[in-house]
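Q: I have a structure I would like to understand better, so I am pasting it below and will then ask my questions one at a time.
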Amino acid sequence: MTRYLINLFSFYLTVILVLGTLRRLRQYRDIVHLTTGMPGRWPRVLKQIKQHWWMFFTWSTFRPAIVAILLLAVQMVCSRIIWPKAILTLQDLGVEWWMGPMVAITAIAMLGVDLYFIVRVGKIDRRETERYLDEAEHWLTSWKSPVLKVLTFGLVNPHKIVAKEVKKALEDGRGLLNRNLWWISLQALNRVLFGLTLWICWAVHPLIGQ
């Protein structure tokens, strides 16, 4: 079975998707915890965040996930429905001199980036984030805010300061998200190149798979 590279690639795409999700379950759990807790614990901060929600709803945010799902779907359809008898073995790669090196290069690039993202998983400091949110919510609701504004003749406005910091944090988060999405796009590109290489090797030579 492991010699059948096209079928193996379909299995690989499924496994890498599952492993990547499992490795990031803690991230997803912390994000869900913070998100679901906002309406009851940080309602004023949530109101500030909603003013800038549009930052994250861009094509670049959804593109990597869409590409990954489409690639898996296309690979499954091609290997199971359109060309179910397509077979490419390691021995077949020796039919033409360029097949082996091309498959090896694209495989190394794909495996390298995928393994990097499985091993290296960022962490969200939930406690520190909650502490900052508590502090921001305090200044948005406390009687101290209008008093401080009056005493400083408007020079210090805690509400504006919090709003500015919230916007800055969201902009920093968007920048981090965009960098991560760039790397995820690189993952998808490497998988596409490897998949295309396999299918090209199978398609260009009539002796392969016979």
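Just remember, in the structure tokens the first chain shown is A, the second B, etc., residues are 1-based per chain, and ligands are 1-based in the order shown.
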Do a neighbour search on Ala163 in chain A at 12 Å with only C-alpha atoms, toss out local chain neighbours closer than 4 positions, and write the hits as a PyMOL selection string.
A: chain A and resi 44-52+133+136-137+139-140+157-159+167-170
Q: Would you save the residues of that selection, restricted to C-alpha atoms, as an mmCIF file, in the first residue's frame?
A:
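Produced file part.cif, reproduced below:
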```cif
data_model
loop_
_atom_site.group_PDB
_atom_site.id
_atom_site.type_symbol
_atom_site.label_atom_id
_atom_site.label_comp_id
_atom_site.auth_asym_id
_atom_site.auth_seq_id
_atom_site.Cartn_x
_atom_site.Cartn_y
_atom_site.Cartn_z
ATOM 1 C CA ARG A 44 -17.622 46.904 27.595
ATOM 2 C CA VAL A 45 -14.403 45.525 26.128
ATOM 3 C CA LEU A 46 -16.452 43.348 23.788
ATOM 4 C CA LYS A 47 -18.265 46.469 22.607
ATOM 5 C CA GLN A 48 -14.904 48.056 21.795
ATOM 6 C CA ILE A 49 -13.769 44.946 19.933
ATOM 7 C CA LYS A 50 -16.936 44.821 17.836
ATOM 8 C CA GLN A 51 -16.070 48.230 16.420
ATOM 9 C CA HIS A 52 -13.023 46.690 14.727
ATOM 10 C CA LEU A 133 -9.229 42.260 29.975
ATOM 11 C CA ALA A 136 -9.639 47.257 30.738
ATOM 12 C CA GLU A 137 -13.187 46.409 31.841
ATOM 13 C CA TRP A 139 -11.501 51.350 33.663
ATOM 14 C CA LEU A 140 -14.491 51.270 31.343
ATOM 15 C CA ASN A 157 -9.347 59.862 29.300
ATOM 16 C CA PRO A 158 -9.295 56.191 30.390
ATOM 17 C CA HIS A 159 -12.070 55.295 27.936
ATOM 18 C CA LYS A 167 -7.448 48.668 18.601
ATOM 19 C CA LYS A 168 -3.667 48.325 18.852
ATOM 20 C CA ALA A 169 -3.996 44.800 20.282
ATOM 21 C CA LEU A 170 -6.348 43.827 17.468
#
```
Q: Nearest residue to Ser79 in chain A out of A:Gly112, A:Gly20, A:Pro39, A:Gly195, using only C-alpha atoms?
A: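 Among the listed residues, the smallest separation from Ser79 in chain A belongs to A:Gly195.
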Q: May I ask for the distance between CA of Leu111 in chain A and CA of Ile16 in chain A, given in Å to one decimal place?
A: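 Going from CA of Leu111 in chain A over to CA of Ile16 in chain A, I get 9.9 Å.
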Q: May I ask which of the residues A:Ser145, A:Thr89, A:Thr197, A:Asn7 is the closest one to Ala104 in chain A, counting only C-alpha atoms?
A: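 Comparing A:Ser145, A:Thr89, A:Thr197, A:Asn7 against Ala104 in chain A, the winner is A:Thr197.
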Q: Of the residues A:Val74, A:Ile105, A:Val113, A:Ala203, which is the one nearest to Ala86 in chain A, using only C-alpha atoms?
A: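 So, comparing all the options, the nearest one is A:Ala203.
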Q: Which one of A:Ile184, A:Ile6, A:Cys201, A:Leu151 sits closest to Tyr116 in chain A if you count only C-alpha atoms?
A: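 Checking each candidate against Tyr116 in chain A, we get A:Ile184 as the closest.
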Q: Looking at A:Leu8, A:Leu193, A:Met38, A:Ile66, which one is nearest to Met102 in chain A, with distances taken over only C-alpha atoms?
A: A:Leu193
Q: Counting only C-alpha atoms, which of A:Ser185, A:Thr129, A:Asn180, A:Gln91 gets nearest to Thr35 in chain A?
A: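 Closest to Thr35 in chain A, using only C-alpha atoms: A:Thr129.
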Q: So how far away is CA of Met99 in chain A from CA of Val204 in chain A, in Å?
A: 10.4 Å
